[in-house]
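Asks: my_file_11.cif is reproduced below (mmCIF, C-alpha atoms).
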data_work
loop_
_atom_site.label_atom_id
_atom_site.label_comp_id
_atom_site.auth_asym_id
_atom_site.auth_seq_id
_atom_site.Cartn_x
_atom_site.Cartn_y
_atom_site.Cartn_z
CA MET A 1 178.06 161.39 89.42
CA ILE A 2 178.70 158.50 87.07
CA LEU A 3 176.04 157.11 84.73
CA TYR A 4 176.63 153.51 83.73
CA ASP A 5 175.29 153.54 80.19
CA ALA A 6 175.35 150.86 77.48
CA ASN A 7 176.63 150.29 73.96
CA ALA A 8 173.50 148.41 72.95
CA PRO A 9 170.04 149.32 71.66
CA GLY A 10 168.49 148.60 75.06
CA PRO A 11 165.47 150.85 75.61
CA ASN A 12 166.25 151.40 79.31
CA PRO A 13 169.57 153.25 78.77
CA ALA A 14 168.01 155.04 75.79
CA THR A 15 165.14 156.29 77.98
CA VAL A 16 167.59 157.96 80.36
CA ARG A 17 169.52 159.48 77.43
CA LEU A 18 166.33 160.93 75.92
CA PHE A 19 165.36 162.29 79.33
CA VAL A 20 168.76 163.96 79.76
CA HIS A 21 168.57 165.61 76.31
CA GLU A 22 165.03 166.82 76.90
CA ARG A 23 165.59 167.97 80.46
CA GLY A 24 168.89 169.83 80.11
CA GLY A 25 170.95 171.23 82.98
CA LEU A 26 172.65 167.96 83.98
CA ARG A 27 176.34 167.10 84.26
CA PHE A 28 177.82 163.66 84.97
CA ASP A 29 180.50 161.24 83.78
CA VAL A 30 179.61 158.23 81.68
CA VAL A 31 180.99 154.69 81.87
CA THR A 32 179.90 152.50 78.97
CA ILE A 33 179.03 148.91 79.82
CA ASP A 34 179.29 146.21 77.13
CA LEU A 35 175.71 144.96 77.25
CA VAL A 36 176.12 142.81 74.15
CA GLY A 37 179.06 141.05 75.83
CA LEU A 38 176.95 140.72 79.01
CA GLU A 39 179.51 142.69 81.06
CA ASN A 40 176.55 143.70 83.26
CA ARG A 41 175.96 140.06 84.24
CA LYS A 42 179.58 139.41 85.28
CA ARG A 43 180.63 139.22 88.91
CA ARG A 44 182.49 142.53 88.83
CA TYR A 45 179.49 144.60 87.75
CA LEU A 46 177.18 142.68 90.09
CA THR A 47 179.51 143.29 93.04
CA GLU A 48 180.65 146.82 92.39
CA VAL A 49 177.65 148.44 90.70
CA ASN A 50 174.32 146.64 90.72
CA ALA A 51 173.57 143.20 92.19
CA ARG A 52 170.62 142.96 89.82
CA GLY A 53 172.81 143.30 86.74
CA GLU A 54 170.78 146.09 85.21
CA VAL A 55 171.95 149.03 83.12
CA PRO A 56 171.61 151.99 83.43
CA ALA A 57 172.73 152.74 86.97
CA LEU A 58 173.72 156.05 88.52
CA ARG A 59 176.53 156.35 91.06
CA LEU A 60 175.89 159.34 93.31
CA ASP A 61 178.58 161.50 94.86
CA ASP A 62 178.35 159.58 98.16
CA GLY A 63 179.21 156.36 96.32
CA SER A 64 175.76 154.77 96.51
CA VAL A 65 174.13 153.48 93.34
CA LEU A 66 170.65 154.26 92.08
CA THR A 67 168.84 152.06 89.55
CA GLU A 68 165.37 151.88 87.94
CA ILE A 69 165.00 154.32 85.08
CA THR A 70 162.09 156.29 86.50
CA ALA A 71 163.97 156.74 89.81
CA ILE A 72 167.13 157.91 88.01
CA CYS A 73 165.15 160.32 85.83
CA GLY A 74 163.14 161.54 88.84
CA TYR A 75 166.36 162.30 90.69
CA PHE A 76 167.77 164.09 87.65
CA ASP A 77 164.55 166.10 87.38
CA GLU A 78 164.95 167.35 90.94
CA ILE A 79 168.64 168.28 90.79
CA ALA A 80 168.94 169.69 87.24
CA GLU A 81 169.68 173.40 87.03
CA GLY A 82 167.30 175.34 84.80
CA GLY A 83 165.34 173.76 81.98
CA ARG A 84 161.81 172.42 82.22
CA LYS A 85 160.73 169.88 84.80
CA LEU A 86 159.39 166.64 83.31
CA PHE A 87 157.81 165.20 86.47
CA GLY A 88 155.56 168.23 87.21
CA THR A 89 155.85 171.24 89.49
CA THR A 90 152.87 170.92 91.88
CA PRO A 91 151.63 167.94 93.94
CA GLN A 92 148.73 167.43 91.51
CA GLU A 93 150.93 167.70 88.42
CA ARG A 94 153.42 165.27 89.92
CA ALA A 95 150.65 162.80 90.75
CA VAL A 96 149.11 163.03 87.27
CA ILE A 97 152.48 162.50 85.56
CA HIS A 98 153.27 159.64 87.96
CA MET A 99 149.91 158.08 87.04
CA TRP A 100 150.50 158.36 83.27
CA THR A 101 154.08 157.12 83.53
CA ARG A 102 152.94 154.05 85.45
CA ARG A 103 150.06 153.41 83.03
CA ALA A 104 152.41 153.67 80.05
CA TYR A 105 154.84 151.25 81.65
CA LEU A 106 152.39 148.66 82.93
CA GLU A 107 149.81 148.77 80.13
CA VAL A 108 152.08 149.00 77.08
CA VAL A 109 155.82 148.94 77.75
CA LEU A 110 156.04 145.93 80.04
CA PRO A 111 153.78 143.53 78.10
CA PHE A 112 155.54 144.61 74.95
CA VAL A 113 159.00 144.01 76.48
CA ASN A 114 157.74 140.66 77.78
CA HIS A 115 156.53 139.88 74.26
CA TRP A 116 160.07 140.50 72.99
CA ARG A 117 161.44 138.42 75.86
CA GLY A 118 159.46 135.50 74.45
CA SER A 119 161.51 135.60 71.24
CA GLU A 120 164.60 133.65 70.19
CA ALA A 121 166.43 136.98 69.89
CA ALA A 122 165.87 137.49 73.63
CA GLU A 123 167.21 134.02 74.45
CA ASN A 124 170.34 134.87 72.48
CA ALA A 125 170.65 138.26 74.17
CA TYR A 126 170.16 137.10 77.77
CA ARG A 127 171.93 133.70 77.50
CA GLY A 128 170.20 132.33 80.58
CA HIS A 129 170.53 135.45 82.71
CA ARG A 130 166.79 136.04 82.94
CA ILE A 131 163.66 133.90 83.22
CA LEU A 132 161.88 134.41 79.90
CA GLN A 133 158.24 133.60 79.13
CA PRO A 134 157.98 132.39 75.53
CA GLU A 135 154.75 130.60 76.42
CA ALA A 136 153.09 133.98 77.01
CA GLN A 137 154.35 135.73 73.89
CA ARG A 138 150.99 135.91 72.13
CA SER A 139 149.01 137.07 75.14
CA ASN A 140 151.69 139.68 75.87
CA ARG A 141 151.25 141.12 72.38
CA LEU A 142 147.50 141.15 72.96
CA LEU A 143 147.98 143.01 76.27
CA ALA A 144 150.33 145.55 74.68
CA GLU A 145 147.99 146.16 71.73
CA ARG A 146 145.07 146.56 74.10
CA GLY A 147 147.12 149.06 76.09
CA LEU A 148 147.87 151.00 72.92
CA ASN A 149 144.16 151.03 72.02
CA GLN A 150 143.44 152.65 75.37
CA PHE A 151 146.21 155.21 74.82
CA ASP A 152 144.74 156.01 71.39
CA ASP A 153 141.52 157.05 73.12
CA ASP A 154 143.49 158.93 75.77
CA LEU A 155 145.56 160.87 73.20
CA GLU A 156 142.59 162.11 71.17
CA GLY A 157 142.70 165.90 71.32
CA ARG A 158 145.89 165.96 73.36
CA THR A 159 149.40 166.99 72.41
CA PHE A 160 151.18 164.84 75.00
CA ILE A 161 150.16 161.95 77.22
CA ALA A 162 149.69 163.93 80.43
CA GLY A 163 148.32 167.09 78.76
CA ASP A 164 149.81 170.08 76.93
CA ASP A 165 153.40 169.58 78.02
CA ILE A 166 155.85 166.77 77.41
CA SER A 167 156.52 164.64 80.51
CA MET A 168 158.29 161.50 81.67
CA ALA A 169 155.33 159.45 80.41
CA ASP A 170 156.01 160.52 76.80
CA ILE A 171 159.74 159.89 77.13
CA LEU A 172 159.22 156.40 78.50
CA LEU A 173 156.61 155.22 75.99
CA TYR A 174 158.27 156.85 72.99
CA THR A 175 161.72 155.41 73.69
CA PHE A 176 160.46 151.86 74.02
CA MET A 177 158.36 152.17 70.85
CA ALA A 178 161.09 153.94 68.85
CA THR A 179 163.95 151.62 69.75
CA GLN A 180 161.87 148.59 68.85
CA ILE A 181 160.22 149.94 65.69
CA GLU A 182 163.56 151.20 64.40
CA GLY A 183 165.48 148.20 65.66
CA GLU A 184 163.82 144.86 66.10
CA GLY A 185 160.91 145.66 63.81
CA THR A 186 157.59 145.46 65.62
CA PRO A 187 155.11 146.67 62.99
CA TRP A 188 152.07 146.55 65.25
CA LEU A 189 153.39 149.32 67.47
CA ASP A 190 152.58 152.13 65.02
CA VAL A 191 149.58 151.39 62.81
CA PRO A 192 146.87 153.48 61.05
CA GLN A 193 144.17 151.94 63.26
CA ARG A 194 145.52 154.08 66.11
CA PRO A 195 145.72 157.56 64.53
CA HIS A 196 146.17 159.47 67.79
CA VAL A 197 149.06 157.28 68.95
CA GLY A 198 150.48 157.63 65.42
CA ALA A 199 150.26 161.45 65.42
CA TRP A 200 151.81 161.60 68.89
CA TYR A 201 154.58 159.21 67.82
CA ALA A 202 155.39 161.39 64.80
CA ARG A 203 155.36 164.51 66.99
CA MET A 204 157.78 162.92 69.45
CA GLY A 205 160.06 161.80 66.61
CA GLU A 206 160.43 165.37 65.30
CA ARG A 207 162.04 166.61 68.50
CA GLU A 208 165.74 167.36 68.52
CA SER A 209 166.11 165.31 71.72
CA SER A 210 164.58 162.24 70.03
CA ARG A 211 166.93 162.58 67.06
CA MET A 212 169.91 162.73 69.44
CA MET A 213 168.68 159.66 71.30
CA LEU A 214 168.15 157.69 68.08
CA ALA A 215 171.57 158.78 66.77
CA SER A 216 173.17 157.35 69.93
CA LEU A 217 171.97 153.83 69.12
CA PRO A 218 174.21 151.27 67.41
CA ALA A 219 174.01 151.52 63.62
CA ARG A 220 172.11 148.27 63.09
CA VAL A 221 169.21 149.69 65.02
CA ARG A 222 168.98 152.83 62.92
CA THR A 223 168.91 151.17 59.50
CA MET B 1 138.25 164.50 97.93
CA ILE B 2 136.50 161.17 97.38
CA LEU B 3 138.32 157.85 97.54
CA TYR B 4 136.59 155.10 95.56
CA ASP B 5 137.41 152.09 97.71
CA ALA B 6 136.26 148.47 97.49
CA ASN B 7 134.37 145.88 99.50
CA ALA B 8 136.70 143.09 98.36
CA PRO B 9 140.07 141.69 99.43
CA GLY B 10 141.78 143.36 96.47
CA PRO B 11 145.36 144.27 97.38
CA ASN B 12 145.28 147.57 95.49
CA PRO B 13 142.59 149.23 97.65
CA ALA B 14 144.17 147.63 100.74
CA THR B 15 147.54 149.20 99.86
CA VAL B 16 146.01 152.67 99.88
CA ARG B 17 144.22 151.94 103.18
CA LEU B 18 147.46 150.79 104.84
CA PHE B 19 149.22 153.87 103.49
CA VAL B 20 146.53 156.16 104.90
CA HIS B 21 146.72 154.51 108.36
CA GLU B 22 150.52 154.69 108.42
CA ARG B 23 150.78 158.21 107.03
CA GLY B 24 148.14 160.00 109.07
CA GLY B 25 146.92 163.56 108.55
CA LEU B 26 144.54 162.81 105.66
CA ARG B 27 140.82 163.56 105.33
CA PHE B 28 138.53 162.44 102.50
CA ASP B 29 135.14 160.88 101.83
CA VAL B 30 134.83 157.24 100.83
CA VAL B 31 132.56 155.67 98.24
CA THR B 32 132.58 151.87 98.35
CA ILE B 33 132.48 150.10 94.99
CA ASP B 34 131.11 146.56 94.76
CA LEU B 35 134.18 144.87 93.27
CA VAL B 36 132.75 141.37 93.74
CA GLY B 37 129.69 142.42 91.72
CA LEU B 38 132.04 143.99 89.12
CA GLU B 39 130.43 147.42 89.60
CA ASN B 40 133.81 148.85 88.54
CA ARG B 41 133.46 147.22 85.10
CA LYS B 42 129.98 148.63 84.43
CA ARG B 43 129.38 151.53 82.07
CA ARG B 44 128.58 153.98 84.83
CA TYR B 45 131.87 153.58 86.68
CA LEU B 46 133.85 153.51 83.42
CA THR B 47 132.19 156.74 82.26
CA GLU B 48 132.02 158.70 85.48
CA VAL B 49 135.11 157.55 87.39
CA ASN B 50 137.77 155.54 85.57
CA ALA B 51 137.70 154.36 81.95
CA ARG B 52 140.13 151.60 82.91
CA GLY B 53 137.72 150.13 85.47
CA GLU B 54 140.24 150.09 88.29
CA VAL B 55 139.68 150.62 92.00
CA PRO B 56 140.90 152.54 93.97
CA ALA B 57 140.51 155.94 92.35
CA LEU B 58 140.71 159.37 93.96
CA ARG B 59 138.47 162.26 92.91
CA LEU B 60 140.24 165.55 93.59
CA ASP B 61 138.51 168.77 94.54
CA ASP B 62 138.62 170.01 90.93
CA GLY B 63 136.63 166.94 89.83
CA SER B 64 139.48 165.16 88.08
CA VAL B 65 140.24 161.54 88.96
CA LEU B 66 143.60 160.08 89.91
CA THR B 67 144.36 156.36 89.66
CA GLU B 68 147.40 154.07 90.11
CA ILE B 69 148.06 153.28 93.74
CA THR B 70 151.57 154.72 93.91
CA ALA B 71 150.36 157.97 92.34
CA ILE B 72 147.46 158.23 94.80
CA CYS B 73 149.74 157.50 97.77
CA GLY B 74 152.39 159.89 96.45
CA TYR B 75 149.78 162.65 96.24
CA PHE B 76 148.55 161.85 99.75
CA ASP B 77 152.15 161.95 100.99
CA GLU B 78 152.60 165.47 99.67
CA ILE B 79 149.35 166.97 100.94
CA ALA B 80 148.99 165.24 104.34
CA GLU B 81 149.30 167.53 107.34
CA GLY B 82 151.82 166.37 109.92
CA GLY B 83 152.87 162.75 110.33
CA ARG B 84 155.87 161.11 108.71
CA LYS B 85 156.50 161.22 104.98
CA LEU B 86 156.66 157.77 103.36
CA PHE B 87 158.17 158.82 100.02
CA GLY B 88 161.26 160.57 101.48
CA THR B 89 162.13 164.17 102.30
CA THR B 90 165.19 164.89 100.10
CA PRO B 91 165.80 164.28 96.36
CA GLN B 92 168.09 161.34 97.18
CA GLU B 93 165.67 159.80 99.69
CA ARG B 94 162.81 160.19 97.24
CA ALA B 95 164.84 158.52 94.49
CA VAL B 96 165.91 155.62 96.73
CA ILE B 97 162.33 154.99 97.89
CA HIS B 98 161.09 155.30 94.29
CA MET B 99 163.70 152.69 93.28
CA TRP B 100 162.73 150.24 96.01
CA THR B 101 159.01 150.70 95.41
CA ARG B 102 159.48 149.96 91.71
CA ARG B 103 161.71 146.96 92.43
CA ALA B 104 159.15 145.54 94.87
CA TYR B 105 156.37 145.98 92.35
CA LEU B 106 158.12 144.68 89.24
CA GLU B 107 160.23 141.93 90.80
CA VAL B 108 157.73 140.44 93.27
CA VAL B 109 154.26 141.96 93.29
CA LEU B 110 153.49 141.93 89.57
CA PRO B 111 154.71 138.39 88.74
CA PHE B 112 152.91 137.20 91.83
CA VAL B 113 149.67 138.96 90.86
CA ASN B 114 150.08 137.57 87.34
CA HIS B 115 150.54 134.12 88.89
CA TRP B 116 147.19 134.54 90.65
CA ARG B 117 145.69 135.83 87.42
CA GLY B 118 146.53 132.46 85.89
CA SER B 119 144.18 130.70 88.33
CA GLU B 120 140.57 129.63 87.96
CA ALA B 121 139.75 131.94 90.88
CA ALA B 122 140.90 134.87 88.75
CA GLU B 123 138.76 133.77 85.82
CA ASN B 124 135.77 133.70 88.15
CA ALA B 125 136.65 137.10 89.62
CA TYR B 126 137.29 138.94 86.33
CA ARG B 127 134.60 137.21 84.21
CA GLY B 128 136.25 138.18 80.95
CA HIS B 129 137.11 141.75 81.93
CA ARG B 130 140.86 141.21 81.73
CA ILE B 131 143.25 139.24 79.53
CA LEU B 132 144.65 136.56 81.84
CA GLN B 133 147.77 134.47 81.23
CA PRO B 134 147.21 130.99 82.65
CA GLU B 135 149.88 129.65 80.29
CA ALA B 136 152.49 131.67 82.23
CA GLN B 137 151.38 130.73 85.73
CA ARG B 138 154.39 128.57 86.57
CA SER B 139 157.01 130.96 85.21
CA ASN B 140 155.29 133.83 87.04
CA ARG B 141 155.65 131.96 90.32
CA LEU B 142 159.30 131.34 89.48
CA LEU B 143 159.82 135.07 88.78
CA ALA B 144 158.09 136.07 92.03
CA GLU B 145 160.09 133.58 94.09
CA ARG B 146 163.30 134.74 92.46
CA GLY B 147 162.35 138.32 93.30
CA LEU B 148 161.75 137.33 96.92
CA ASN B 149 165.17 135.63 97.03
CA GLN B 150 166.77 138.90 95.97
CA PHE B 151 164.78 140.80 98.61
CA ASP B 152 165.94 138.31 101.24
CA ASP B 153 169.52 139.30 100.45
CA ASP B 154 168.56 142.98 100.42
CA LEU B 155 166.79 142.80 103.79
CA GLU B 156 169.69 141.18 105.64
CA GLY B 157 170.68 143.61 108.40
CA ARG B 158 167.94 146.09 107.53
CA THR B 159 164.78 147.00 109.39
CA PHE B 160 162.83 148.14 106.34
CA ILE B 161 163.28 147.78 102.60
CA ALA B 162 164.71 151.22 101.92
CA GLY B 163 166.67 151.49 105.19
CA ASP B 164 165.88 152.35 108.80
CA ASP B 165 162.47 153.90 108.20
CA ILE B 166 159.26 152.44 106.83
CA SER B 167 158.43 153.65 103.31
CA MET B 168 156.02 153.13 100.44
CA ALA B 169 158.08 150.12 99.34
CA ASP B 170 157.25 148.26 102.59
CA ILE B 171 153.59 149.19 102.40
CA LEU B 172 153.26 147.97 98.82
CA LEU B 173 155.07 144.65 99.22
CA TYR B 174 153.56 143.86 102.61
CA THR B 175 149.97 144.50 101.53
CA PHE B 176 150.20 142.24 98.50
CA MET B 177 151.85 139.48 100.53
CA ALA B 178 149.51 139.82 103.51
CA THR B 179 146.25 139.91 101.57
CA GLN B 180 147.24 136.83 99.61
CA ILE B 181 148.75 134.80 102.45
CA GLU B 182 145.76 135.55 104.67
CA GLY B 183 143.26 135.26 101.87
CA GLU B 184 143.95 133.09 98.85
CA GLY B 185 146.61 131.03 100.56
CA THR B 186 149.96 131.32 98.82
CA PRO B 187 152.29 129.39 101.10
CA TRP B 188 155.47 130.13 99.14
CA LEU B 189 155.30 133.83 99.93
CA ASP B 190 156.54 133.45 103.53
CA VAL B 191 158.88 130.49 104.02
CA PRO B 192 161.83 129.67 106.36
CA GLN B 193 164.24 129.62 103.42
CA ARG B 194 163.95 133.41 103.34
CA PRO B 195 164.55 134.40 106.97
CA HIS B 196 165.10 138.11 106.35
CA VAL B 197 161.90 138.47 104.35
CA GLY B 198 160.19 136.45 107.10
CA ALA B 199 161.48 138.70 109.91
CA TRP B 200 160.50 141.82 107.96
CA TYR B 201 157.05 140.36 107.25
CA ALA B 202 156.51 139.64 110.96
CA ARG B 203 157.70 143.16 111.86
CA MET B 204 155.28 144.72 109.40
CA GLY B 205 152.42 142.56 110.71
CA GLU B 206 152.91 143.84 114.26
CA ARG B 207 152.16 147.43 113.32
CA GLU B 208 148.85 148.94 114.34
CA SER B 209 148.35 150.22 110.79
CA SER B 210 148.70 146.68 109.40
CA ARG B 211 146.17 145.33 111.91
CA MET B 212 143.72 148.05 110.87
CA MET B 213 144.24 147.24 107.19
CA LEU B 214 143.76 143.50 107.75
CA ALA B 215 140.66 144.15 109.86
CA SER B 216 139.16 146.10 106.95
CA LEU B 217 139.17 143.03 104.70
CA PRO B 218 136.07 140.87 104.20
CA ALA B 219 135.78 138.13 106.82
CA ARG B 220 136.55 135.24 104.49
CA VAL B 221 140.00 136.66 103.91
CA ARG B 222 140.84 136.92 107.58
CA THR B 223 139.93 133.37 108.53
#
Translate the structure described by the file into structure tokens.

Replies:
Amino acid sequence: MILYDANAPGPNPATVRLFVHERGGLRFDVVTIDLVGLENRKRRYLTEVNARGEVPALRLDDGSVLTEITAICGYFDEIAEGGRKLFGTTPQERAVIHMWTRRAYLEVVLPFVNHWRGSEAAENAYRGHRILQPEAQRSNRLLAERGLNQFDDDLEGRTFIAGDDISMADILLYTFMATQIEGEGTPWLDVPQRPHVGAWYARMGERESSRMMLASLPARVRT
Amino acid sequence: MILYDANAPGPNPATVRLFVHERGGLRFDVVTIDLVGLENRKRRYLTEVNARGEVPALRLDDGSVLTEITAICGYFDEIAEGGRKLFGTTPQERAVIHMWTRRAYLEVVLPFVNHWRGSEAAENAYRGHRILQPEAQRSNRLLAERGLNQFDDDLEGRTFIAGDDISMADILLYTFMATQIEGEGTPWLDVPQRPHVGAWYARMGERESSRMMLASLPARVRT
């Protein structure tokens, strides 16, 4: 297998890296795509890897290519040897983790990414390769903050989002928060008004896997 | 099990109904929530069923409640007796269907729902219970149309979105398109400029399961 990874602070590749560190038991080759140089939007990448121009992507042994971070991580979760499953081990566990992962993505991650996509930094990063929505930047922040308020209630008395054990939902939400707080500077993501999100965020940051993921980011993001 | 379903043309409950018809082998009780009367936003529903006020929701035998349509359908897919699985039967099939389901949702369904949420009809339906983004209505249509253009390329030479067999991805995309085309009137969803999407849409509409789903909608949506 080949994982097309990136040299940039993009939260999507970082999510897969954090998953791989946390999951263990996975072996694959890595090809690094120059996201900053928009190599992923050039004809060659679009033709040979992913017509949608997204990174990461996973080339399977039969030559087909898998994209979408939760699909890649879900596949990894099934084929990894040993370690601890991060998508659950029973139908009910899998459904509950699926539910929390989708809530985290739709209620917090996506509006928050769309908020960033309303910025001038996003225009300079995408250079016309994506339809951005600067007109919705303020309402996207409002949606993301509202999502975080809900998660603060949800996390009261819990160690991780889906219960006692870490799962894909934690990996997804933490990576997007961490790469942006450490990188672009989004001070409203981690604030004292949401103590349970804050305690969970600190707990996630103490993990060896999180440190490895953060250390893999370009230097400007870590300082 | 109890499925909290709705008396309204909401595409989320309709997606689960189409899934159930197509999947077969499922038994549960149904409680109908008055979505038009916003029963799902009242304290009782928020406290006893779903703090997020969403319908559908599935109460499991242990009393816990599952939400998020893809999580509910995924759970149903695992526990149904007999029939044909709609989330795949091998790790690779499951990952490919997961990928296509997420693409359909993020690239078409969500921008298109957000487009609707920018309308006056949405303001009258939600009555302040959701942050709407009317300022992004035009760019949301552009995003949804662009997503449909990509799916038109993807569907060339294919019977269903993920390959030869119907899957969750078809059920999700079809239900959102069908309930809106038949109901609210969104003429740009099915147009001759996207012949492969059009052929797939017609194919989906001919299925007995789709007819049953459409027949379950309130009359004003079907006329």

Asks: I need the residue nearest A:Thr186 from this list: A:Ile97, A:Ala104, A:Leu35, A:Val113. Use all atoms listed in the file for the distance.

Replies: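 Checking each candidate against A:Thr186, we get A:Val113 as the closest.
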
Asks: For the structure provided, state which residues fall under the PyMOL selection byres ((chain B and resi 73-86) around 7), and present them as a PDB file with C-alpha atoms, keeping the file's coordinate frame.

Replies:
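Listing of out_12.pdb after writing:
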ATOM      1  CA  PRO A  91     151.630 167.940  93.940  1.00  0.00           C
ATOM      2  CA  GLN A  92     148.730 167.430  91.510  1.00  0.00           C
ATOM      3  CA  ALA A  95     150.650 162.800  90.750  1.00  0.00           C
TER       4      ALA A  95
ATOM      5  CA  VAL B  16     146.010 152.670  99.880  1.00  0.00           C
ATOM      6  CA  PHE B  19     149.220 153.870 103.490  1.00  0.00           C
ATOM      7  CA  ARG B  23     150.780 158.210 107.030  1.00  0.00           C
ATOM      8  CA  GLY B  24     148.140 160.000 109.070  1.00  0.00           C
ATOM      9  CA  GLY B  25     146.920 163.560 108.550  1.00  0.00           C
ATOM     10  CA  LEU B  26     144.540 162.810 105.660  1.00  0.00           C
ATOM     11  CA  ILE B  69     148.060 153.280  93.740  1.00  0.00           C
ATOM     12  CA  THR B  70     151.570 154.720  93.910  1.00  0.00           C
ATOM     13  CA  ALA B  71     150.360 157.970  92.340  1.00  0.00           C
ATOM     14  CA  ILE B  72     147.460 158.230  94.800  1.00  0.00           C
ATOM     15  CA  PHE B  87     158.170 158.820 100.020  1.00  0.00           C
ATOM     16  CA  GLY B  88     161.260 160.570 101.480  1.00  0.00           C
ATOM     17  CA  THR B  89     162.130 164.170 102.300  1.00  0.00           C
ATOM     18  CA  ILE B 166     159.260 152.440 106.830  1.00  0.00           C
ATOM     19  CA  SER B 167     158.430 153.650 103.310  1.00  0.00           C
ATOM     20  CA  MET B 168     156.020 153.130 100.440  1.00  0.00           C
TER      21      MET B 168
END

Asks: I want to know what sits within 10 Å of B:Thr159, based on only C-alpha atoms, with residues of the same chain fewer than 2 positions away left out; could you give that as a ChimeraX atom specification?

Replies: /B:155-157,161-166,196,199-200,203-204

Asks: As an exercise, work out the distance from atom CA of B:Ala8 to atom CA of B:Tyr126 in Å and give it to one decimal place.

Replies: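 So the answer is 12.7 Å.
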
Asks: Name the residues within 12 Å of (169.6, 141.3, 96.5), counting all atoms listed in the file in the file's coordinates, and put them as a CSV table (one decimal) with C-alpha atoms, in the coordinates of the input.

Replies:
chain,number,residue,atom,x,y,z
A,46,LEU,CA,177.2,142.7,90.1
A,47,THR,CA,179.5,143.3,93.0
A,50,ASN,CA,174.3,146.6,90.7
A,51,ALA,CA,173.6,143.2,92.2
A,52,ARG,CA,170.6,143.0,89.8
A,53,GLY,CA,172.8,143.3,86.7
B,100,TRP,CA,162.7,150.2,96.0
B,103,ARG,CA,161.7,147.0,92.4
B,104,ALA,CA,159.2,145.5,94.9
B,107,GLU,CA,160.2,141.9,90.8
B,146,ARG,CA,163.3,134.7,92.5
B,147,GLY,CA,162.4,138.3,93.3
B,148,LEU,CA,161.8,137.3,96.9
B,149,ASN,CA,165.2,135.6,97.0
B,150,GLN,CA,166.8,138.9,96.0
B,151,PHE,CA,164.8,140.8,98.6
B,152,ASP,CA,165.9,138.3,101.2
B,153,ASP,CA,169.5,139.3,100.4
B,154,ASP,CA,168.6,143.0,100.4
B,155,LEU,CA,166.8,142.8,103.8
B,156,GLU,CA,169.7,141.2,105.6
B,161,ILE,CA,163.3,147.8,102.6
B,194,ARG,CA,164.0,133.4,103.3
B,196,HIS,CA,165.1,138.1,106.4
B,197,VAL,CA,161.9,138.5,104.4

Asks: Evaluate the PyMOL selection byres ((chain B and resi 135-141) around 7) on the structure here and hand back the selected residues as number ranges by chain.

Replies: A: 133, 135-136; B: 111-112, 114-115, 118, 133-134, 142-145

Asks: State, in Å with one decimal place, the distance from atom CA of A:Gly63 to atom CA of B:Ala169.

Replies: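 Between atom CA of A:Gly63 and atom CA of B:Ala169 the gap is 22.2 Å.
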
Asks: Suppose you want the space between atom CA of A:Tyr45 and atom CA of B:Val108; what is it in Å?

Replies: 22.8 Å
